[in-house]
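> Have a peek at model18.pdb (PDB, C-alpha atoms).
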```pdb
ATOM      1  CA  ALA A  78       0.000   0.000   0.000
ATOM      2  CA  ILE A  79       0.980   3.647  -0.452
ATOM      3  CA  ILE A  80       0.402   5.873   2.569
ATOM      4  CA  LEU A  81      -1.686   8.912   1.606
ATOM      5  CA  ARG A  82      -2.133  10.643   4.946
ATOM      6  CA  VAL A  83      -0.915  10.266   8.530
ATOM      7  CA  SER A  84      -2.066  12.146  11.618
ATOM      8  CA  ASN A  85      -1.607  11.781  15.370
ATOM      9  CA  TRP A  86      -4.484  10.101  17.142
ATOM     10  CA  GLN A  87      -4.983  10.144  20.906
ATOM     11  CA  THR A  88      -1.764  10.024  22.951
ATOM     12  CA  ALA A  89       0.623   7.650  21.186
ATOM     13  CA  ASP A  90      -1.259   6.337  18.170
ATOM     14  CA  LYS A  91      -1.404   7.279  14.511
ATOM     15  CA  TYR A  92      -4.369   7.385  12.161
ATOM     16  CA  ALA A  93      -3.460   6.742   8.532
ATOM     17  CA  VAL A  94      -5.129   6.398   5.163
ATOM     18  CA  CYS A  95      -3.450   4.282   2.505
ATOM     19  CA  PHE A  96      -4.210   3.071  -1.001
ATOM     20  CA  SER A  97      -3.522  -0.606  -1.663
ATOM     21  CA  ARG A  98      -3.228  -2.560  -4.881
ATOM     22  CA  THR A  99      -5.904  -5.124  -3.967
ATOM     23  CA  HIS A 100      -8.272  -3.310  -1.566
ATOM     24  CA  GLY A 101      -8.157   0.325  -2.674
ATOM     25  CA  LYS A 102      -8.427   3.012   0.003
ATOM     26  CA  ILE A 103      -8.106   1.811   3.611
ATOM     27  CA  ALA A 104      -8.085   3.777   6.863
ATOM     28  CA  PHE A 105      -6.261   2.244   9.812
ATOM     29  CA  ILE A 106      -4.958   2.925  13.314
ATOM     30  CA  ALA A 107      -1.363   2.185  14.274
ATOM     31  CA  TYR A 108      -1.478   1.783  18.050
ATOM     32  CA  GLY A 109       1.639   2.936  19.877
ATOM     33  CA  ALA A 110       3.191   4.270  16.657
ATOM     34  CA  SER A 111       4.303   7.524  18.302
ATOM     35  CA  TYR A 112       6.571   5.760  20.785
ATOM     36  CA  PRO A 113      10.290   6.046  19.910
ATOM     37  CA  ARG A 114      10.790   2.250  19.829
ATOM     38  CA  SER A 115       7.854   1.622  17.494
ATOM     39  CA  ILE A 116       9.031   0.281  14.123
ATOM     40  CA  SER A 117       5.647   0.879  12.516
ATOM     41  CA  GLY A 118       5.724   4.495  13.708
ATOM     42  CA  ARG A 119       8.921   5.112  11.769
ATOM     43  CA  LEU A 120       7.620   3.352   8.656
ATOM     44  CA  VAL A 121       4.077   4.759   8.508
ATOM     45  CA  GLN A 122       4.954   8.046   6.834
ATOM     46  CA  PRO A 123       3.294   9.895   3.924
ATOM     47  CA  PHE A 124       4.064   8.407   0.481
ATOM     48  CA  ALA A 125       5.838   5.334   1.904
ATOM     49  CA  GLU A 126       5.253   2.077   0.036
ATOM     50  CA  LEU A 127       4.621  -0.618   2.635
ATOM     51  CA  ASN A 128       3.522  -4.217   2.956
ATOM     52  CA  LEU A 129       0.789  -4.016   5.625
ATOM     53  CA  THR A 130      -0.880  -6.604   7.827
ATOM     54  CA  LEU A 131      -4.218  -5.227   9.017
ATOM     55  CA  THR A 132      -6.989  -6.727  11.125
ATOM     56  CA  PRO A 133     -10.599  -5.531  11.325
ATOM     57  CA  GLY A 134     -11.438  -3.118  14.116
ATOM     58  CA  ARG A 135     -14.767  -1.727  15.262
ATOM     59  CA  LYS A 136     -14.700   1.258  12.907
ATOM     60  CA  VAL A 137     -11.315   1.157  11.158
ATOM     61  CA  GLU A 138      -8.634  -1.425  10.489
ATOM     62  CA  ILE A 139      -5.826  -1.981  13.003
ATOM     63  CA  LEU A 140      -2.192  -2.216  11.940
ATOM     64  CA  ARG A 141      -0.573  -5.430  13.175
ATOM     65  CA  ASN A 142       2.677  -5.372  11.212
ATOM     66  CA  CYS A 143       4.338  -3.534   8.347
ATOM     67  CA  GLU A 144       7.526  -3.628   6.338
ATOM     68  CA  SER A 145       8.957  -1.215   3.829
ATOM     69  CA  LEU A 146       8.941  -2.400   0.205
ATOM     70  CA  LYS A 147      11.678   0.036  -0.807
ATOM     71  CA  MET A 148      13.986   2.619   0.690
ATOM     72  CA  PRO A 149      12.156   5.883   1.352
ATOM     73  CA  VAL A 150      13.277   8.740  -0.857
ATOM     74  CA  SER A 151      14.038  12.068   0.782
ATOM     75  CA  MET A 152      11.733  14.794  -0.555
ATOM     76  CA  ASN A 153      12.133  18.551  -0.489
ATOM     77  CA  ILE A 154       9.235  20.749   0.617
ATOM     78  CA  GLU A 155       8.046  21.382  -2.946
ATOM     79  CA  THR A 156       7.869  17.660  -3.756
ATOM     80  CA  LEU A 157       6.040  17.009  -0.480
ATOM     81  CA  ALA A 158       3.521  19.751  -1.296
ATOM     82  CA  TYR A 159       2.735  18.371  -4.759
ATOM     83  CA  GLY A 160       2.601  14.839  -3.366
ATOM     84  CA  ALA A 161       0.129  16.025  -0.725
ATOM     85  CA  VAL A 162      -2.144  17.468  -3.440
ATOM     86  CA  VAL A 163      -2.155  14.123  -5.282
ATOM     87  CA  ALA A 164      -2.782  12.215  -2.033
ATOM     88  CA  GLU A 165      -5.628  14.505  -0.958
ATOM     89  CA  VAL A 166      -7.408  14.278  -4.321
ATOM     90  CA  THR A 167      -6.935  10.486  -4.400
ATOM     91  CA  GLU A 168      -8.462  10.190  -0.941
ATOM     92  CA  ALA A 169     -11.395  12.442  -1.903
ATOM     93  CA  LEU A 170     -12.200  10.702  -5.205
ATOM     94  CA  THR A 171     -11.915   7.055  -4.159
ATOM     95  CA  THR A 172     -14.214   4.823  -2.146
ATOM     96  CA  GLU A 173     -12.937   2.772   0.756
ATOM     97  CA  GLY A 174     -12.444  -0.932   0.032
ATOM     98  CA  GLU A 175     -12.882  -0.612  -3.743
ATOM     99  CA  SER A 176     -10.007  -2.191  -5.663
ATOM    100  CA  GLN A 177      -8.582   0.037  -8.414
ATOM    101  CA  GLU A 178      -5.190  -1.286  -9.460
ATOM    102  CA  LYS A 179      -4.753   1.377 -12.163
ATOM    103  CA  ILE A 180      -4.937   4.112  -9.526
ATOM    104  CA  TYR A 181      -2.342   2.271  -7.425
ATOM    105  CA  GLU A 182      -0.002   2.040 -10.423
ATOM    106  CA  LEU A 183      -0.617   5.719 -11.226
ATOM    107  CA  LEU A 184       0.347   6.704  -7.664
ATOM    108  CA  LEU A 185       3.579   4.691  -7.864
ATOM    109  CA  GLU A 186       4.528   6.296 -11.186
ATOM    110  CA  THR A 187       3.612   9.769  -9.910
ATOM    111  CA  MET A 188       5.784   9.505  -6.800
ATOM    112  CA  GLU A 189       8.749   8.470  -8.969
ATOM    113  CA  LEU A 190       8.209  11.220 -11.569
ATOM    114  CA  LEU A 191       7.811  13.945  -8.929
ATOM    115  CA  GLN A 192      11.474  13.345  -8.045
ATOM    116  CA  VAL A 193      12.860  13.913 -11.542
ATOM    117  CA  ARG A 194      10.356  15.820 -13.717
ATOM    118  CA  ASN A 195       8.438  19.096 -13.690
ATOM    119  CA  LYS A 196       6.411  18.698 -10.488
ATOM    120  CA  ARG A 197       3.567  20.958 -11.563
ATOM    121  CA  LEU A 198       3.012  19.167 -14.887
ATOM    122  CA  VAL A 199       3.268  15.724 -13.259
ATOM    123  CA  THR A 200       0.686  16.757 -10.656
ATOM    124  CA  LEU A 201      -1.712  18.262 -13.222
ATOM    125  CA  SER A 202      -1.409  15.160 -15.401
ATOM    126  CA  THR A 203      -2.012  12.887 -12.408
ATOM    127  CA  LEU A 204      -5.127  14.820 -11.368
ATOM    128  CA  LEU A 205      -6.595  14.583 -14.881
ATOM    129  CA  LYS A 206      -5.803  10.853 -14.995
ATOM    130  CA  LEU A 207      -7.419  10.371 -11.565
ATOM    131  CA  LEU A 208     -10.581  12.128 -12.746
ATOM    132  CA  CYS A 209     -10.724   9.783 -15.746
ATOM    133  CA  LEU A 210     -10.111   6.635 -13.676
ATOM    134  CA  CYS A 211     -12.846   7.667 -11.219
ATOM    135  CA  GLY A 212     -15.416   8.336 -13.957
ATOM    136  CA  PHE A 213     -15.149  12.136 -14.101
ATOM    137  CA  ALA A 214     -13.241  12.509 -17.384
ATOM    138  CA  PRO A 215     -13.606  16.051 -18.761
ATOM    139  CA  GLN A 216     -15.286  16.311 -22.166
ATOM    140  CA  LEU A 217     -12.713  18.026 -24.394
ATOM    141  CA  ASP A 218     -13.549  17.047 -27.995
ATOM    142  CA  ASN A 219     -17.083  18.439 -28.305
ATOM    143  CA  CYS A 220     -19.250  21.075 -26.673
ATOM    144  CA  THR A 221     -20.910  19.469 -23.644
ATOM    145  CA  SER A 222     -24.168  21.282 -24.415
ATOM    146  CA  CYS A 223     -24.710  21.136 -28.209
ATOM    147  CA  ALA A 224     -22.127  18.396 -29.062
ATOM    148  CA  LYS A 225     -20.551  20.442 -31.861
ATOM    149  CA  PRO A 226     -16.819  19.727 -32.370
ATOM    150  CA  ALA A 227     -14.523  22.080 -30.436
ATOM    151  CA  GLU A 228     -12.935  24.008 -33.322
ATOM    152  CA  LYS A 229     -12.714  27.538 -31.829
ATOM    153  CA  ASP A 230     -11.773  29.044 -28.488
ATOM    154  CA  GLY A 231     -14.564  28.624 -25.977
ATOM    155  CA  PHE A 232     -15.115  28.032 -22.289
ATOM    156  CA  PHE A 233     -14.758  25.268 -19.716
ATOM    157  CA  SER A 234     -17.798  24.497 -17.589
ATOM    158  CA  LEU A 235     -17.088  23.147 -14.109
ATOM    159  CA  VAL A 236     -20.785  22.239 -13.762
ATOM    160  CA  GLN A 237     -21.008  20.286 -17.036
ATOM    161  CA  GLY A 238     -17.438  19.001 -16.796
ATOM    162  CA  GLY A 239     -16.116  19.982 -20.173
ATOM    163  CA  PHE A 240     -15.671  22.323 -23.100
ATOM    164  CA  LEU A 241     -18.437  24.743 -24.084
ATOM    165  CA  CYS A 242     -18.639  26.630 -27.360
ATOM    166  CA  ALA A 243     -19.179  30.397 -27.219
ATOM    167  CA  ALA A 244     -22.841  30.025 -28.275
ATOM    168  CA  CYS A 245     -23.670  27.728 -25.333
ATOM    169  CA  ALA A 246     -21.777  29.614 -22.626
ATOM    170  CA  GLN A 247     -23.894  31.154 -19.855
ATOM    171  CA  GLY A 248     -21.259  33.617 -18.626
ATOM    172  CA  ASP A 249     -19.969  31.944 -15.439
ATOM    173  CA  GLU A 250     -17.597  29.481 -17.155
ATOM    174  CA  LEU A 251     -13.808  29.692 -17.385
ATOM    175  CA  PRO A 252     -12.282  30.913 -20.663
ATOM    176  CA  CYS A 253     -10.683  27.972 -22.471
ATOM    177  CA  SER A 254      -8.642  28.390 -25.632
ATOM    178  CA  LEU A 255      -7.991  25.510 -28.022
ATOM    179  CA  ALA A 256      -4.353  25.584 -26.866
ATOM    180  CA  THR A 257      -5.489  25.082 -23.251
ATOM    181  CA  ARG A 258      -7.830  22.293 -24.298
ATOM    182  CA  ASP A 259      -5.002  20.613 -26.249
ATOM    183  CA  LEU A 260      -2.687  20.871 -23.235
ATOM    184  CA  MET A 261      -5.350  19.253 -21.023
ATOM    185  CA  TRP A 262      -5.719  16.433 -23.545
ATOM    186  CA  GLN A 263      -1.928  15.917 -23.708
ATOM    187  CA  LEU A 264      -1.613  15.852 -19.905
ATOM    188  CA  GLN A 265      -4.573  13.484 -19.621
ATOM    189  CA  ASN A 266      -2.965  11.070 -22.104
ATOM    190  CA  LEU A 267       0.688  11.478 -21.062
ATOM    191  CA  ASP A 268       2.515   8.143 -20.887
ATOM    192  CA  PHE A 269       4.185   8.099 -17.469
ATOM    193  CA  THR A 270       6.457   5.207 -18.472
ATOM    194  CA  GLN A 271       7.955   7.355 -21.264
ATOM    195  CA  PRO A 272       6.947  10.955 -20.501
ATOM    196  CA  GLY A 273       9.405  12.619 -22.872
TER     197      GLY A 273
END
```
Please lay out the structure from this file as structure tokens.

Amino acid sequence: AIILRVSNWQTADKYAVCFSRTHGKIAFIAYGASYPRSISGRLVQPFAELNLTLTPGRKVEILRNCESLKMPVSMNIETLAYGAVVAEVTEALTTEGESQEKIYELLLETMELLQVRNKRLVTLSTLLKLLCLCGFAPQLDNCTSCAKPAEKDGFFSLVQGGFLCAACAQGDELPCSLATRDLMWQLQNLDFTQPG
């Protein structure tokens, strides 16, 4: 699993949310994780990739054991900030216990690319890919209202989730040029294995 968020809980425990390959989003409690001798406390950190053993609790899972799958990479504050945006959106868009292996793979690729590529573009691309994987893909080819092909500058409707031609715009949409629309399409379809 990849740890998305960690916070202190009660006196010496940690509450964490992770995203696993087989079970999707999972919230769990790591009892005693704040004690200096706790191994799990040192390992349960944001963006860590861990092998977790969890048992059912009354409301959330309970961490029994964990081991690191790879050496943690040191991140500067900018990388941590962009990683936090990706983690927060992933947590908000996904449902607990729903397996989505493509999202897990996307998170792994994102955390690697944030270290070596343009962090802003990697984050924007990841957010667009997450929207698509969760069923909220923006409509970029045609007007979302009249379905005419997007051939001129227009607008982007947050309500309708896509491109609007000038004739269909109501006035409260965001201006969206064809160049902006093309950039969104390129980021949405960027191959993270060979990003160029």
> Run through the PyMOL selection byres ((chain A and resi 237-253) around 9) on the given coordinates and return the selected residues as a list in words.
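Matching residues under the PyMOL selection byres ((chain A and resi 237-253) around 9) are Phe213, Ala214, Pro215, Gln216, Leu217, Asp218, Asn219, Cys220, Thr221, Ser222, Cys223, Ala224, Lys225, Pro226, Ala227, Glu228, Lys229, Asp230, Gly231, Phe232, Phe233, Ser234, Leu235, Val236, Ser254, Leu255, Ala256, Thr257 and Arg258 of chain A.
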> Please determine the residues with any atom at most 8 Å from (-5.5, 8.4, -15.2) (coordinates as given in the file, with all atoms listed in the file counting) and report them as number ranges by chain.
A: 179-180, 183, 202-210, 265-266
> Of the residues A:Val166, A:Ala107, A:Ala89, A:Leu127, which is the one nearest to A:Leu185, using only C-alpha atoms?
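Of A:Val166, A:Ala107, A:Ala89, A:Leu127, the one nearest A:Leu185 is A:Leu127, counting only C-alpha atoms.
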> So that I can check the surroundings of stretch 117-124 of chain A, please list as a PyMOL selection string every protein, DNA and RNA residue that reaches within 10 Å of it, counting all atoms listed in the file and ignoring chain neighbours fewer than 2 positions away.
chain A and resi 78-84+89-96+107-115+126-127+129+140-145+149-150+157+160-161+164+184-185+188
> Apply the PyMOL selection byres ((chain A and resi 167-176) around 6) to the file shown and report the selected residues as a PyMOL selection string.
chain A and resi 99-103+164-166+177
> Considering all atoms listed in the file, return as a list in words whatever protein or nucleic-acid residues lie within 10 Å of A:Lys136, sequence-local ones (same chain, fewer than 3 positions apart) excluded.
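The residues that qualify are Ala104, Phe105, Ile106, Pro133 and Ile139 of chain A.
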> Mind giving me the straight-line distance from atom CA of A:Asn128 to atom CA of A:Val199 in Å, one decimal?
25.7 Å
> Return as a ChimeraX atom specification the set of residues that the PyMOL selection byres ((chain A and resi 156) around 12) yields on the displayed structure.
/A:123-124,150-155,157-163,187-197,199-200
> I need the residues from that last selection saved to file as a CSV table (one decimal), in the coordinates of the input (with C-alpha atoms), if you can.

```csv
chain,number,residue,atom,x,y,z
A,123,PRO,CA,3.3,9.9,3.9
A,124,PHE,CA,4.1,8.4,0.5
A,150,VAL,CA,13.3,8.7,-0.9
A,151,SER,CA,14.0,12.1,0.8
A,152,MET,CA,11.7,14.8,-0.6
A,153,ASN,CA,12.1,18.6,-0.5
A,154,ILE,CA,9.2,20.7,0.6
A,155,GLU,CA,8.0,21.4,-2.9
A,157,LEU,CA,6.0,17.0,-0.5
A,158,ALA,CA,3.5,19.8,-1.3
A,159,TYR,CA,2.7,18.4,-4.8
A,160,GLY,CA,2.6,14.8,-3.4
A,161,ALA,CA,0.1,16.0,-0.7
A,162,VAL,CA,-2.1,17.5,-3.4
A,163,VAL,CA,-2.2,14.1,-5.3
A,187,THR,CA,3.6,9.8,-9.9
A,188,MET,CA,5.8,9.5,-6.8
A,189,GLU,CA,8.7,8.5,-9.0
A,190,LEU,CA,8.2,11.2,-11.6
A,191,LEU,CA,7.8,13.9,-8.9
A,192,GLN,CA,11.5,13.3,-8.0
A,193,VAL,CA,12.9,13.9,-11.5
A,194,ARG,CA,10.4,15.8,-13.7
A,195,ASN,CA,8.4,19.1,-13.7
A,196,LYS,CA,6.4,18.7,-10.5
A,197,ARG,CA,3.6,21.0,-11.6
A,199,VAL,CA,3.3,15.7,-13.3
A,200,THR,CA,0.7,16.8,-10.7
```
> Please fill the gaps in stretch 198-222 of chain A so it has N, CA and C atoms, and write that as a compact mmCIF listing (two decimals), in the coordinates of the input.

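result-v4.txt written:
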```txt
# COMPACT_ATOMS: atom_id res chain seq x y z
N LEU A 198 3.61 19.90 -13.77
CA LEU A 198 3.01 19.17 -14.89
C LEU A 198 2.68 17.72 -14.50
N VAL A 199 3.54 17.09 -13.72
CA VAL A 199 3.27 15.72 -13.26
C VAL A 199 2.00 15.71 -12.41
N THR A 200 1.86 16.70 -11.53
CA THR A 200 0.69 16.76 -10.66
C THR A 200 -0.58 17.02 -11.46
N LEU A 201 -0.53 17.98 -12.39
CA LEU A 201 -1.71 18.26 -13.22
C LEU A 201 -2.11 17.04 -14.04
N SER A 202 -1.13 16.36 -14.62
CA SER A 202 -1.41 15.16 -15.40
C SER A 202 -2.03 14.08 -14.52
N THR A 203 -1.48 13.90 -13.33
CA THR A 203 -2.01 12.89 -12.41
C THR A 203 -3.45 13.19 -12.03
N LEU A 204 -3.76 14.46 -11.75
CA LEU A 204 -5.13 14.82 -11.37
C LEU A 204 -6.11 14.55 -12.50
N LEU A 205 -5.72 14.87 -13.74
CA LEU A 205 -6.60 14.58 -14.88
C LEU A 205 -6.78 13.07 -15.05
N LYS A 206 -5.71 12.32 -14.89
CA LYS A 206 -5.80 10.85 -15.00
C LYS A 206 -6.69 10.27 -13.89
N LEU A 207 -6.57 10.82 -12.67
CA LEU A 207 -7.42 10.37 -11.56
C LEU A 207 -8.90 10.63 -11.85
N LEU A 208 -9.19 11.82 -12.38
CA LEU A 208 -10.58 12.13 -12.75
C LEU A 208 -11.12 11.11 -13.74
N CYS A 209 -10.30 10.76 -14.73
CA CYS A 209 -10.72 9.78 -15.75
C CYS A 209 -10.95 8.41 -15.13
N LEU A 210 -10.01 7.96 -14.29
CA LEU A 210 -10.11 6.64 -13.68
C LEU A 210 -11.29 6.53 -12.71
N CYS A 211 -11.72 7.67 -12.16
CA CYS A 211 -12.85 7.67 -11.22
C CYS A 211 -14.18 8.00 -11.90
N GLY A 212 -14.17 8.11 -13.22
CA GLY A 212 -15.42 8.34 -13.96
C GLY A 212 -15.80 9.79 -14.14
N PHE A 213 -14.86 10.71 -13.95
CA PHE A 213 -15.15 12.14 -14.10
C PHE A 213 -14.32 12.76 -15.22
N ALA A 214 -14.09 12.02 -16.29
CA ALA A 214 -13.24 12.51 -17.38
C ALA A 214 -13.86 13.77 -18.00
N PRO A 215 -13.07 14.83 -18.13
CA PRO A 215 -13.61 16.05 -18.76
C PRO A 215 -13.86 15.83 -20.25
N GLN A 216 -14.95 16.39 -20.75
CA GLN A 216 -15.29 16.31 -22.17
C GLN A 216 -14.52 17.41 -22.89
N LEU A 217 -13.57 17.04 -23.75
CA LEU A 217 -12.71 18.03 -24.39
C LEU A 217 -12.89 18.10 -25.90
N ASP A 218 -13.46 17.09 -26.54
CA ASP A 218 -13.55 17.05 -28.00
C ASP A 218 -14.73 17.83 -28.55
N ASN A 219 -15.85 17.80 -27.83
CA ASN A 219 -17.08 18.44 -28.30
C ASN A 219 -17.65 19.34 -27.22
N CYS A 220 -18.53 20.24 -27.63
CA CYS A 220 -19.25 21.08 -26.67
C CYS A 220 -20.15 20.17 -25.83
N THR A 221 -20.11 20.33 -24.52
CA THR A 221 -20.91 19.47 -23.64
C THR A 221 -22.40 19.77 -23.73
N SER A 222 -22.76 20.91 -24.32
CA SER A 222 -24.17 21.28 -24.42
C SER A 222 -24.77 20.92 -25.77
```
